[in-house]
Every structure is written in C-alpha cells, then in structure tokens.
file upload_26.tsv (TSV, C-alpha atoms)
chain	number	residue	atom	x	y	z
A	23	MET	CA	0.00	0.00	0.00
A	24	PHE	CA	2.75	2.42	0.97
A	25	ASN	CA	6.30	2.41	-0.29
A	26	LEU	CA	7.76	1.88	3.17
A	27	SER	CA	9.90	-1.10	4.14
A	28	GLU	CA	9.19	-3.11	7.29
A	29	GLU	CA	12.19	-1.46	8.89
A	30	GLU	CA	10.84	1.99	8.01
A	31	ILE	CA	7.37	1.15	9.31
A	32	GLU	CA	8.92	0.14	12.63
A	33	ARG	CA	11.28	3.14	12.70
A	34	TYR	CA	8.44	5.61	12.10
A	35	SER	CA	5.80	3.69	14.07
A	36	ARG	CA	5.26	6.54	16.58
A	37	HIS	CA	4.46	8.80	13.66
A	38	ILE	CA	2.33	6.28	11.81
A	39	ILE	CA	0.21	5.60	14.88
A	40	LEU	CA	-0.83	9.27	14.90
A	41	PRO	CA	-4.10	9.42	12.93
A	42	GLU	CA	-3.04	12.82	11.53
A	43	VAL	CA	0.11	11.26	10.03
A	44	GLY	CA	-0.56	7.58	9.42
A	45	GLY	CA	1.10	5.62	6.63
A	46	ARG	CA	-0.05	8.20	4.12
A	47	GLY	CA	1.59	11.11	5.95
A	48	GLN	CA	4.81	9.18	6.46
A	49	GLN	CA	4.84	8.34	2.78
A	50	LYS	CA	4.41	12.05	1.99
A	51	LEU	CA	7.40	12.88	4.18
A	52	LYS	CA	9.46	10.26	2.35
A	53	GLU	CA	8.49	11.78	-1.00
A	54	SER	CA	9.36	15.30	0.16
A	55	SER	CA	12.51	17.37	0.03
A	56	VAL	CA	13.68	20.11	2.38
A	57	LEU	CA	16.60	22.52	2.13
A	58	VAL	CA	18.10	23.85	5.35
A	59	ILE	CA	20.19	27.01	5.02
A	60	GLY	CA	22.90	26.82	7.66
A	61	ALA	CA	24.02	23.90	9.81
A	62	GLY	CA	24.45	25.94	12.97
A	63	GLY	CA	22.29	26.96	15.91
A	64	LEU	CA	18.92	26.66	14.16
A	65	GLY	CA	19.95	24.27	11.42
A	66	SER	CA	21.24	21.70	13.92
A	67	PRO	CA	17.97	20.89	15.72
A	68	ALA	CA	15.94	21.38	12.54
A	69	LEU	CA	18.14	18.95	10.60
A	70	LEU	CA	18.23	16.38	13.40
A	71	TYR	CA	14.44	16.21	13.64
A	72	LEU	CA	13.78	16.36	9.91
A	73	THR	CA	16.26	13.56	9.30
A	74	ALA	CA	14.90	11.43	12.12
A	75	ALA	CA	11.37	12.07	10.79
A	76	GLY	CA	12.19	10.44	7.46
A	77	ILE	CA	12.12	13.30	4.96
A	78	GLY	CA	13.18	11.69	1.68
A	79	ARG	CA	15.79	14.21	0.63
A	80	ILE	CA	17.45	16.92	2.70
A	81	GLY	CA	19.81	19.59	1.43
A	82	VAL	CA	22.29	21.35	3.73
A	83	ILE	CA	24.06	24.51	2.62
A	84	GLU	CA	26.86	25.76	4.84
A	85	ASP	CA	30.30	27.17	4.09
A	86	ASP	CA	31.67	27.46	7.62
A	87	VAL	CA	33.99	25.27	9.69
A	88	VAL	CA	33.18	23.83	13.14
A	89	ASP	CA	34.62	26.02	15.87
A	90	LEU	CA	34.84	25.40	19.63
A	91	THR	CA	32.45	28.32	20.30
A	92	ASN	CA	29.78	26.61	18.15
A	93	LEU	CA	29.44	23.56	20.36
A	94	GLN	CA	27.39	25.25	23.12
A	95	ARG	CA	24.34	25.15	20.81
A	96	GLN	CA	25.16	23.58	17.44
A	97	VAL	CA	24.28	20.07	18.52
A	98	LEU	CA	24.89	18.48	15.12
A	99	HIS	CA	28.61	18.78	15.70
A	100	ALA	CA	30.82	17.19	18.37
A	101	THR	CA	34.23	17.99	19.83
A	102	PRO	CA	36.17	15.78	17.37
A	103	ASP	CA	34.55	17.76	14.51
A	104	ILE	CA	36.37	20.99	15.38
A	105	GLY	CA	38.11	22.24	12.24
A	106	LYS	CA	35.95	20.11	9.97
A	107	ALA	CA	33.63	21.67	7.37
A	108	LYS	CA	30.22	21.99	9.02
A	109	ALA	CA	28.45	20.74	5.91
A	110	ARG	CA	30.53	17.53	6.00
A	111	SER	CA	30.15	17.13	9.76
A	112	ALA	CA	26.38	17.61	9.39
A	113	GLY	CA	26.17	15.06	6.60
A	114	GLU	CA	28.05	12.44	8.62
A	115	THR	CA	25.88	12.91	11.71
A	116	LEU	CA	22.62	12.89	9.77
A	117	GLN	CA	23.51	9.80	7.78
A	118	GLN	CA	24.18	7.95	11.05
A	119	ILE	CA	20.82	8.99	12.45
A	120	ASN	CA	18.84	7.87	9.42
A	121	PRO	CA	20.47	6.11	6.47
A	122	HIS	CA	17.16	6.17	4.56
A	123	VAL	CA	17.46	9.91	4.00
A	124	GLU	CA	19.32	11.23	0.98
A	125	ILE	CA	21.53	14.13	2.07
A	126	ASP	CA	22.71	16.80	-0.40
A	127	ILE	CA	25.66	18.84	0.79
A	128	TYR	CA	26.39	22.33	-0.56
A	129	GLN	CA	29.65	23.58	0.85
A	130	HIS	CA	29.38	27.19	-0.18
A	131	ARG	CA	27.55	30.43	0.55
A	132	LEU	CA	24.17	31.38	-0.88
A	133	THR	CA	24.46	34.23	-3.35
A	134	LYS	CA	22.09	35.97	-5.72
A	135	GLU	CA	23.82	34.09	-8.54
A	136	ASN	CA	23.27	30.57	-7.17
A	137	ILE	CA	20.16	30.80	-4.96
A	138	PHE	CA	17.48	30.09	-7.57
A	139	ASP	CA	19.24	26.94	-8.77
A	140	ILE	CA	19.85	25.70	-5.23
A	141	ILE	CA	16.32	26.17	-3.91
A	142	ALA	CA	14.56	24.95	-7.07
A	143	PRO	CA	14.45	21.19	-6.35
A	144	TYR	CA	13.16	21.49	-2.77
A	145	ASP	CA	9.59	21.60	-1.47
A	146	VAL	CA	10.27	23.63	1.68
A	147	ILE	CA	13.19	25.85	2.70
A	148	VAL	CA	14.29	26.38	6.32
A	149	ASP	CA	16.08	29.61	7.23
A	150	GLY	CA	18.89	29.06	9.70
A	151	VAL	CA	21.16	31.87	8.56
A	152	ASP	CA	23.25	34.08	10.76
A	153	ASN	CA	23.01	37.41	8.99
A	154	PHE	CA	20.51	39.85	7.57
A	155	PRO	CA	21.81	40.00	3.97
A	156	THR	CA	21.23	36.27	3.41
A	157	ARG	CA	17.92	36.39	5.29
A	158	TYR	CA	16.59	39.06	2.91
A	159	LEU	CA	18.08	37.36	-0.14
A	160	LEU	CA	16.36	34.10	0.85
A	161	ASN	CA	13.02	35.78	1.50
A	162	ASP	CA	13.08	37.59	-1.84
A	163	ALA	CA	14.10	34.46	-3.77
A	164	CYS	CA	11.35	32.37	-2.11
A	165	VAL	CA	8.73	35.04	-2.87
A	166	MET	CA	9.85	35.29	-6.50
A	167	LYS	CA	9.86	31.50	-6.97
A	168	LYS	CA	6.73	30.94	-4.83
A	169	LYS	CA	8.59	28.65	-2.45
A	170	THR	CA	7.54	27.83	1.09
A	171	LEU	CA	9.99	29.22	3.64
A	172	VAL	CA	10.08	28.60	7.37
A	173	GLU	CA	11.82	31.61	8.93
A	174	GLY	CA	13.62	31.51	12.26
A	175	GLY	CA	15.81	33.90	14.18
A	176	ILE	CA	17.41	33.97	17.62
A	177	LEU	CA	19.21	36.51	19.76
A	178	ARG	CA	20.10	36.35	23.45
A	179	PHE	CA	16.97	34.89	25.09
A	180	MET	CA	14.59	35.59	22.21
A	181	GLY	CA	13.47	33.76	19.13
A	182	LEU	CA	11.03	34.19	16.29
A	183	ILE	CA	9.35	31.84	13.84
A	184	MET	CA	7.21	32.62	10.82
A	185	SER	CA	6.12	30.45	7.90
A	186	ILE	CA	5.88	32.05	4.49
A	187	ARG	CA	4.16	30.77	1.41
A	188	GLY	CA	5.93	32.79	-1.24
A	189	GLY	CA	3.59	35.17	-3.04
A	190	GLU	CA	0.56	34.07	-1.01
A	191	SER	CA	1.11	34.80	2.68
A	192	ALA	CA	2.89	37.71	4.37
A	193	CYS	CA	6.63	37.59	3.70
A	194	TYR	CA	9.53	38.68	5.91
A	195	ARG	CA	9.65	42.08	4.19
A	196	CYS	CA	5.93	42.62	4.84
A	197	VAL	CA	6.92	42.82	8.50
A	198	PHE	CA	10.58	43.88	8.33
A	199	GLU	CA	10.72	45.88	5.13
A	200	GLU	CA	14.43	46.65	5.18
A	201	PRO	CA	17.36	45.34	7.23
A	202	PRO	CA	18.02	47.29	10.43
A	203	PRO	CA	20.60	50.08	10.15
A	204	PRO	CA	24.12	48.62	10.11
A	205	GLY	CA	25.57	48.03	13.53
A	206	THR	CA	22.29	48.52	15.42
A	207	VAL	CA	21.26	44.91	15.93
A	208	PRO	CA	24.05	42.79	17.32
A	209	SER	CA	24.78	39.26	16.10
A	210	CYS	CA	24.72	36.26	18.40
A	211	ALA	CA	28.52	36.44	18.43
A	212	GLU	CA	28.32	39.97	19.81
A	213	ALA	CA	25.30	39.72	22.09
A	214	GLY	CA	25.27	36.03	22.97
A	215	VAL	CA	22.48	33.50	22.80
A	216	LEU	CA	21.26	30.86	25.21
A	217	GLY	CA	22.02	27.61	23.41
A	218	ALA	CA	18.71	25.99	24.26
A	219	VAL	CA	16.83	28.91	22.65
A	220	ALA	CA	18.32	27.78	19.32
A	221	GLY	CA	16.98	24.32	20.15
A	222	VAL	CA	13.46	25.65	20.79
A	223	VAL	CA	13.30	27.72	17.61
A	224	GLY	CA	15.00	25.17	15.33
A	225	THR	CA	12.72	22.43	16.65
A	226	LEU	CA	9.66	24.61	16.03
A	227	GLN	CA	10.88	25.17	12.48
A	228	ALA	CA	11.16	21.40	11.99
A	229	THR	CA	7.66	20.99	13.45
A	230	GLU	CA	6.32	23.53	10.97
A	231	VAL	CA	7.99	21.76	8.05
A	232	LEU	CA	6.57	18.38	9.05
A	233	LYS	CA	3.07	19.86	9.46
A	234	ILE	CA	3.24	21.62	6.10
A	235	LEU	CA	4.49	18.54	4.24
A	236	ALA	CA	2.07	16.11	5.87
A	237	GLY	CA	-0.85	18.57	5.68
A	238	ILE	CA	-1.41	18.66	9.43
A	239	GLY	CA	-3.00	21.49	11.41
A	240	LYS	CA	-2.51	25.17	10.78
A	241	PRO	CA	0.88	26.47	9.64
A	242	LEU	CA	2.24	29.79	10.89
A	243	TYR	CA	1.28	31.62	7.71
A	244	ASN	CA	0.40	35.27	8.34
A	245	ARG	CA	1.50	34.87	11.94
A	246	LEU	CA	4.77	35.71	13.62
A	247	LEU	CA	5.54	33.85	16.81
A	248	GLN	CA	8.01	35.46	19.19
A	249	PHE	CA	9.56	33.47	22.02
A	250	ASP	CA	10.87	35.03	25.21
A	251	ALA	CA	12.87	32.51	27.21
A	252	GLU	CA	13.41	34.85	30.18
A	253	GLU	CA	9.68	35.05	30.84
A	254	LEU	CA	9.07	31.72	29.11
A	255	ARG	CA	6.35	33.21	26.98
A	256	PHE	CA	5.24	33.00	23.39
A	257	HIS	CA	3.67	36.05	21.82
A	258	GLU	CA	1.87	35.71	18.50
A	259	VAL	CA	1.49	38.69	16.23
A	260	LYS	CA	-0.82	38.54	13.26
A	261	ALA	CA	0.99	39.46	10.08
A	262	LYS	CA	-0.73	40.32	6.85
A	263	ARG	CA	0.52	40.96	3.37
A	264	ASN	CA	1.64	44.52	3.06
A	265	PRO	CA	0.36	46.12	-0.17
A	266	GLY	CA	3.44	48.35	-0.04
A	267	CYS	CA	5.88	45.45	0.43
A	268	PRO	CA	8.84	46.03	-1.89
A	269	VAL	CA	8.95	42.39	-2.99
A	270	CYS	CA	5.40	40.98	-2.76
A	271	GLY	CA	3.30	44.16	-2.68
A	272	LYS	CA	1.07	45.57	-5.39
A	273	LYS	CA	3.89	47.49	-7.07
A	274	PRO	CA	7.09	45.69	-6.14
A	275	THR	CA	10.27	47.72	-6.39
A	276	ILE	CA	12.48	44.66	-5.95
A	277	THR	CA	12.02	42.66	-9.11
A	278	GLU	CA	15.46	41.12	-9.24
A	279	LEU	CA	17.57	39.83	-6.38
A	280	VAL	CA	19.58	42.26	-4.26
A	281	GLU	CA	22.39	41.38	-1.91
A	282	TYR	CA	23.08	43.75	0.96
A	283	ASP	CA	26.70	44.39	1.83
A	284	TYR	CA	28.12	41.76	4.16
A	285	ALA	CA	30.54	44.24	5.66
A	286	CYS	CA	27.51	46.10	7.03
A	287	GLU	CA	29.30	49.35	6.30
A	288	THR	CA	26.64	50.43	3.89
A	289	GLN	CA	23.03	49.54	3.26
A	290	ALA	CA	23.42	50.01	-0.46
A	291	PRO	CA	22.37	46.75	-2.08
A	292	LYS	CA	24.43	45.23	-4.86
A	293	THR	CA	22.20	44.60	-7.82
B	27	MET	CA	12.49	41.25	25.55
B	28	PRO	CA	13.11	44.01	28.05
B	29	ASN	CA	10.03	44.75	30.06
B	30	ASN	CA	11.39	47.17	32.59
B	31	ASP	CA	9.23	50.23	32.45
B	32	SER	CA	11.99	52.67	33.19
B	33	ILE	CA	11.87	56.02	34.92
B	34	ASN	CA	12.73	57.71	31.63
B	35	GLY	CA	9.89	58.69	29.36
B	36	PRO	CA	6.30	57.93	30.27
B	37	ARG	CA	5.82	56.35	33.66
B	38	LEU	CA	3.88	53.14	33.96
B	39	LEU	CA	1.05	53.62	36.41
B	40	GLU	CA	0.77	50.26	38.12
B	41	ARG	CA	-2.74	49.33	39.05
B	42	GLU	CA	-2.70	47.24	42.17
B	43	ASP	CA	-5.69	45.16	43.21
B	44	GLY	CA	-7.61	46.31	40.18
B	45	LEU	CA	-7.89	49.89	41.47
B	46	PRO	CA	-7.88	52.67	38.90
B	47	PRO	CA	-4.65	54.60	38.41
B	48	ALA	CA	-3.93	57.55	40.68
B	49	SER	CA	-3.99	59.93	37.75
B	50	PRO	CA	-5.49	59.68	34.29
B	51	GLY	CA	-3.41	57.57	31.96
B	52	LEU	CA	-3.49	56.09	28.52
B	53	ARG	CA	-4.74	52.51	28.35
B	54	LEU	CA	-2.82	50.51	25.77
B	55	ILE	CA	-2.69	46.83	24.85
B	56	VAL	CA	1.05	46.23	24.65
B	57	GLN	CA	2.27	42.77	23.62
B	58	GLY	CA	-1.16	41.39	24.41
B	59	GLY	CA	-1.28	42.83	27.95
B	60	GLU	CA	-3.21	45.87	29.14
B	61	ARG	CA	-1.05	48.67	30.51
B	62	ILE	CA	-1.70	52.25	31.51
B	63	TYR	CA	0.85	54.93	30.69
B	64	SER	CA	1.23	58.60	31.39
B	65	GLY	CA	3.51	61.02	29.66
B	66	PRO	CA	3.94	61.99	26.02
B	67	PRO	CA	2.11	59.25	24.20
B	68	ASP	CA	4.17	58.81	21.07
B	69	VAL	CA	5.57	55.49	19.88
B	70	ARG	CA	9.20	56.34	20.56
B	71	SER	CA	8.42	57.34	24.14
B	72	LEU	CA	6.57	54.09	24.67
B	73	LEU	CA	9.59	52.14	23.41
B	74	GLU	CA	11.84	54.05	25.77
B	75	ALA	CA	9.46	53.50	28.67
B	76	ARG	CA	9.55	49.78	27.98
B	77	GLY	CA	13.34	49.73	27.80
B	78	GLU	CA	13.25	48.82	24.10
B	79	ASN	CA	15.96	50.09	21.78
B	80	PRO	CA	14.10	51.67	18.84
B	81	ALA	CA	16.83	50.40	16.53
B	82	TYR	CA	16.09	46.76	17.42
B	83	VAL	CA	12.35	46.66	16.86
B	84	ASN	CA	9.61	47.30	14.40
B	85	VAL	CA	6.27	48.36	15.81
B	86	ARG	CA	2.85	47.17	14.77
B	87	LEU	CA	0.02	49.52	15.76
B	88	ASN	CA	-3.54	48.22	15.46
B	89	GLY	CA	-2.43	45.74	12.84
B	90	GLU	CA	-0.31	48.07	10.73
B	91	VAL	CA	3.49	47.92	10.72
B	92	LEU	CA	4.76	51.47	11.26
B	93	ASN	CA	7.45	53.20	9.30
B	94	ARG	CA	10.43	53.36	11.64
B	95	ARG	CA	10.98	57.01	10.78
B	96	ASP	CA	7.54	57.87	12.17
B	97	PHE	CA	7.99	56.61	15.74
B	98	GLU	CA	8.19	60.15	17.15
B	99	LYS	CA	5.35	61.50	15.03
B	100	ILE	CA	2.69	58.93	15.83
B	101	THR	CA	0.51	59.69	18.81
B	102	LEU	CA	-0.97	56.75	20.65
B	103	ARG	CA	-4.63	56.76	21.55
B	104	GLU	CA	-6.73	55.06	24.18
B	105	GLY	CA	-7.13	51.35	23.49
B	106	ASP	CA	-4.42	51.15	20.84
B	107	LYS	CA	-2.91	47.70	20.32
B	108	VAL	CA	0.87	47.81	20.12
B	109	ASP	CA	3.15	44.88	19.31
B	110	PHE	CA	6.91	44.90	19.12
B	111	LEU	CA	8.55	42.91	16.32
B	112	TYR	CA	12.16	42.15	17.08
B	113	PHE	CA	14.92	41.96	14.50
B	114	MET	CA	16.78	38.69	15.02
B	115	GLY	CA	19.40	37.85	12.49
B	116	GLY	CA	21.18	35.07	14.30
B	117	GLY	CA	21.13	31.39	13.63
B	118	VAL	CA	24.60	30.15	13.02
B	119	VAL	CA	27.41	32.41	14.23
call {"tool": "encode", "arguments": {"input": "upload_26.tsv", "output": "structure tokens"}}
result
Amino acid sequence: MFNLSEEEIERYSRHIILPEVGGRGQQKLKESSVLVIGAGGLGSPALLYLTAAGIGRIGVIEDDVVDLTNLQRQVLHATPDIGKAKARSAGETLQQINPHVEIDIYQHRLTKENIFDIIAPYDVIVDGVDNFPTRYLLNDACVMKKKTLVEGGILRFMGLIMSIRGGESACYRCVFEEPPPPGTVPSCAEAGVLGAVAGVVGTLQATEVLKILAGIGKPLYNRLLQFDAEELRFHEVKAKRNPGCPVCGKKPTITELVEYDYACETQAPKT
Amino acid sequence: MPNNDSINGPRLLEREDGLPPASPGLRLIVQGGERIYSGPPDVRSLLEARGENPAYVNVRLNGEVLNRRDFEKITLREGDKVDFLYFMGGGVV
C-alpha cells in the first residue's frame, strides 16, 4: 500500500500511529525534500528532527567550519569535529541517524547568482542563517519563486518563527521591510544566545515543516511567533501581506535579487 | 524582551488590586497585555518607557506595521494595540 519497508514502518511507528500522520503522511514525508540554510544553531535541531522524521531528501548549505564556540548550541557537531567543514560534519551525523534519508551537501555560501538553482528542487526551505543580507536574499528568492519558507531567528533569550508561502502569505519584508541600520542589531557572536533557545526555535521550524508537508493542522502563515525565554512566553502577532511590500506588494520595487553588503558598512544593495 | 518600564519617558502607572490609576493615563494593549501609561504618548516614548531600543524593533500599531521614521510623530490613543517585532538575524554564528 505504501512504499515503506518493514524497517521503516517500525522506525516511524510513533508517527504512523498518529491518525493525523498515518502511513499516508509518512509516505508524503518520504516523498518530500527540504533545504536547510545553515548547519548551525537553528539548522542543527531542525536537521536532526527532519532527518529522524524520514524526509526523503534533505539539502544542507553551509560554508563554515566547526569552531569550539559553536558547540554550546550547534548540537549536530561534536568535539572531534572541530576544524571540519560543518556541511561535512552535518552530513556524517545525519547519515548515522537515518540512512534512509538522501543528504545533499552544498559547501558554499548562498548568493544571488546561485540561490534560484539551489532552492529549485526542494519543497520547503528552512532559514537558519546568521546574517541579515542572506535572510533578505532568501526571502526575496522564495517570494519570486513561490517557495515555502520557514523563517527563524534567535538573539540572546529571544526567538522568532514565521512560515511564508511565497507570493501568497505575508513575507519577511511585509513585517521587516528593510534590514536594520548597520551596527544597530548585534549578532549572536556579539550579544550572545542561550544555546537551548536555538533548540526551541529550530525544533519549532522542523515541526512547521513536518506539518506543512504532511498537511497537518494550521501552519504559521500570516502569523509571527516570538519566544521570550526569560519570561518563558510566546507572543503571537498577526501578520498580513503589506500592499506596499517592496517584494510581494502591489507594485514591487524589488524585481530582481539584491544582496546587501556583508561588511555592514553600507546599506546600499548590490544589484 | 526588556520589560522594565523605566523612569525615563512615560511612567507606567501600576494598578494594584484592580484599582484605577492615581492619575489619568493612557490605556494601551502592549504585547497582548493591558497597561496604563502617562507622559507623552508617542511610539518612541513608549519604546523608551519599555526599555526597548528603537533600533532593534519594528512596531505594529492596530495591525499596521509602522514606518520606523515615524515613531516620534505617531501619537498613541486610548485602546491602541501595540506589538513589538524584534529583528533577530542570528542562527549560526
């Protein structure tokens, strides 16, 4: 009935027993593909759960190398992996967790030149990037190609999650039209982040992906969920498509990809 | 998410035991919770009163995301719903 081996049926039995998933949902997961941008704080928990859940094909794009300071939250990587390419380290860990999953490794940075080709084969994209330029590039590309994107961000004790159906639901720019002025919002390296907050947000991103692919419940479209670990509170803000959004509004001004300057010395986008 | 209503800017009038505030204030729904503020009721002052750095957040007022350049120009009114949307770029570093 379903294209699942006996070993797979046993492996995913706690999914299959859920009426909302069942054999049909598990089969859908197996036939699906997900691309995770970044194998770091958010990418680690997201990748671990998506791989364990039996997504058929998972892409990982990451150009960094495992560093000692990563290990407080980037749970895909272990102490012996220090100095190793994160993409390779991620691939090795994920393959051990679930050999049924096909893992695609991209050991380079996302750019406006390569992003359309890289995202094209995947059903859902997960944002686990560490900087605003790539975050905006990814949002714009997913809107233009009508891809589903699960956004996530963390800083200090806070996190945010938002699911975006490109061209249909509110996008990241509908809420955050332009990147913050350079130097105003610190990175996790500058301001710190509680490691477990990355776990919460990355795991919620994986949950969203699994729901979207298996057709379960209500995705976080047109909603932005903010997490405050200090108060241990979630705060949901309704988001709606902004008619003035520069990428998905009525008269978009961004019609081809722009890449903001990585040096953060200027906001002038490179076109 | 800083929540310390500081002594700078509008002062939060705490209502204890459900009693009305000692002086008239502006009732706002901030981050889903009802609060009463005194002082100059513009968006920037509210951010300062809440200990929020205006550079870190976008503000949504009654469902509309505000232009960041207008924080000082927009006057808050009784019953306004205000949500803070935090820029968070981090994931990997």
call {"tool": "closest_residue", "arguments": {"input": "upload_26.tsv", "among": "B:Ser71, B:Asn79, B:Ser64, B:Thr101", "to": "chain A", "atoms": "all atoms listed in the file"}}
result
B:Asn79
call {"tool": "interface_residues", "arguments": {"input": "upload_26.tsv", "of": "chain B", "to": "chain A", "cutoff": "12 Å", "atoms": "all atoms listed in the file", "output": "PyMOL selection string"}}
result
chain B and resi 27-29+56-59+79-95+107-119
call {"tool": "atom_distance", "arguments": {"input": "upload_26.tsv", "atom1": "atom CA of Asn25 of chain A", "atom2": "atom CA of Leu171 of chain A"}}
result
27.3 Å
call {"tool": "residues_around", "arguments": {"input": "upload_26.tsv", "residues": "segment 114-131 of chain A", "least_positions_apart": "3", "cutoff": "9 Å", "atoms": "only C-alpha atoms", "output": "list of chain:residue names"}}
result
A:Glu30, A:Lys52, A:Leu57, A:Leu69, A:Leu70, A:Thr73, A:Ala74, A:Ala75, A:Gly76, A:Ile77, A:Gly78, A:Arg79, A:Ile80, A:Gly81, A:Val82, A:Ile83, A:Glu84, A:Asp85, A:Asp86, A:Leu98, A:His99, A:Ala107, A:Lys108, A:Ala109, A:Arg110, A:Ser111, A:Asn136, A:Ile140
call {"tool": "residues_around", "arguments": {"input": "upload_26.tsv", "residues": "Glu278 of chain A", "least_positions_apart": "4", "cutoff": "10 Å", "atoms": "all atoms listed in the file", "output": "number ranges by chain"}}
result
A: 134, 162-163, 166, 269, 293
call {"tool": "residues_around", "arguments": {"input": "upload_26.tsv", "residues": "Asp96 of chain B", "least_positions_apart": "5", "cutoff": "10 Å", "atoms": "all atoms listed in the file", "output": "count of residues only"}}
result
4
call {"tool": "atom_distance", "arguments": {"input": "upload_26.tsv", "atom1": "atom CA of Ala68 of chain A", "atom2": "atom CA of Gln227 of chain A"}}
result
6.3 Å
call {"tool": "residues_around", "arguments": {"input": "upload_26.tsv", "residues": "Ile104 of chain A", "least_positions_apart": "6", "cutoff": "8 Å", "atoms": "only C-alpha atoms", "output": "VMD selection string"}}
result
chain A and resid 87 to 90
call {"tool": "atom_distance", "arguments": {"input": "upload_26.tsv", "atom1": "atom CA of Gly188 of chain A", "atom2": "atom CA of Thr275 of chain A"}}
result
16.4 Å
call {"tool": "residues_around", "arguments": {"input": "upload_26.tsv", "residues": "segment 36-50 of chain A", "least_positions_apart": "4", "cutoff": "7 Å", "atoms": "only C-alpha atoms", "output": "PDB file with C-alpha atoms, in the coordinates of the input"}}
result
ATOM      1  CA  PHE A  24       2.750   2.420   0.970  1.00  0.00           C
ATOM      2  CA  ASN A  25       6.300   2.410  -0.290  1.00  0.00           C
ATOM      3  CA  SER A  54       9.360  15.300   0.160  1.00  0.00           C
ATOM      4  CA  LEU A 235       4.490  18.540   4.240  1.00  0.00           C
ATOM      5  CA  ALA A 236       2.070  16.110   5.870  1.00  0.00           C
ATOM      6  CA  ILE A 238      -1.410  18.660   9.430  1.00  0.00           C
TER       7      ILE A 238
END
call {"tool": "build_atoms", "arguments": {"input": "upload_26.tsv", "residues": "segment 91-109 of chain B", "atoms": "N, CA, C and O atoms", "output": "tab-separated table (two decimals), keeping the file's coordinate frame"}}
result
chain	number	residue	atom	x	y	z
B	91	VAL	N	2.07	47.75	10.38
B	91	VAL	CA	3.49	47.92	10.72
B	91	VAL	C	3.87	49.37	10.42
B	91	VAL	O	3.62	49.86	9.32
B	92	LEU	N	4.44	50.05	11.41
B	92	LEU	CA	4.76	51.47	11.26
B	92	LEU	C	6.08	51.66	10.52
B	92	LEU	O	6.97	50.82	10.60
B	93	ASN	N	6.17	52.78	9.87
B	93	ASN	CA	7.45	53.20	9.30
B	93	ASN	C	8.34	53.63	10.47
B	93	ASN	O	7.93	54.44	11.30
B	94	ARG	N	9.55	53.10	10.49
B	94	ARG	CA	10.43	53.36	11.64
B	94	ARG	C	10.74	54.85	11.80
B	94	ARG	O	11.03	55.31	12.90
B	95	ARG	N	10.67	55.57	10.71
B	95	ARG	CA	10.98	57.01	10.78
B	95	ARG	C	9.86	57.81	11.46
B	95	ARG	O	10.03	58.96	11.82
B	96	ASP	N	8.69	57.14	11.64
B	96	ASP	CA	7.54	57.87	12.17
B	96	ASP	C	7.32	57.66	13.66
B	96	ASP	O	6.31	58.11	14.21
B	97	PHE	N	8.23	56.95	14.33
B	97	PHE	CA	7.99	56.61	15.74
B	97	PHE	C	7.69	57.84	16.59
B	97	PHE	O	6.87	57.80	17.49
B	98	GLU	N	8.38	58.95	16.31
B	98	GLU	CA	8.19	60.15	17.15
B	98	GLU	C	6.94	60.92	16.75
B	98	GLU	O	6.42	61.71	17.53
B	99	LYS	N	6.48	60.69	15.53
B	99	LYS	CA	5.35	61.50	15.03
B	99	LYS	C	4.00	60.90	15.38
B	99	LYS	O	2.99	61.59	15.36
B	100	ILE	N	3.99	59.60	15.67
B	100	ILE	CA	2.69	58.93	15.83
B	100	ILE	C	2.23	58.97	17.28
B	100	ILE	O	2.92	58.48	18.18
B	101	THR	N	1.08	59.56	17.48
B	101	THR	CA	0.51	59.69	18.81
B	101	THR	C	-0.37	58.48	19.10
B	101	THR	O	-1.18	58.08	18.26
B	102	LEU	N	-0.17	57.91	20.28
B	102	LEU	CA	-0.97	56.75	20.65
B	102	LEU	C	-2.28	57.21	21.27
B	102	LEU	O	-2.34	58.25	21.94
B	103	ARG	N	-3.31	56.42	21.03
B	103	ARG	CA	-4.63	56.76	21.55
B	103	ARG	C	-5.15	55.64	22.45
B	103	ARG	O	-4.70	54.50	22.37
B	104	GLU	N	-6.10	56.00	23.26
B	104	GLU	CA	-6.73	55.06	24.18
B	104	GLU	C	-7.12	53.76	23.45
B	104	GLU	O	-7.76	53.80	22.40
B	105	GLY	N	-6.72	52.65	24.03
B	105	GLY	CA	-7.13	51.35	23.49
B	105	GLY	C	-6.28	50.83	22.34
B	105	GLY	O	-6.54	49.75	21.82
B	106	ASP	N	-5.26	51.60	21.95
B	106	ASP	CA	-4.42	51.15	20.84
B	106	ASP	C	-3.74	49.82	21.18
B	106	ASP	O	-3.32	49.59	22.32
B	107	LYS	N	-3.62	48.98	20.16
B	107	LYS	CA	-2.91	47.70	20.32
B	107	LYS	C	-1.52	47.85	19.74
B	107	LYS	O	-1.38	48.15	18.55
B	108	VAL	N	-0.51	47.62	20.56
B	108	VAL	CA	0.87	47.81	20.12
B	108	VAL	C	1.63	46.49	20.28
B	108	VAL	O	1.58	45.86	21.35
B	109	ASP	N	2.28	46.06	19.23
B	109	ASP	CA	3.15	44.88	19.31
B	109	ASP	C	4.53	45.25	18.85
B	109	ASP	O	4.71	46.04	17.93
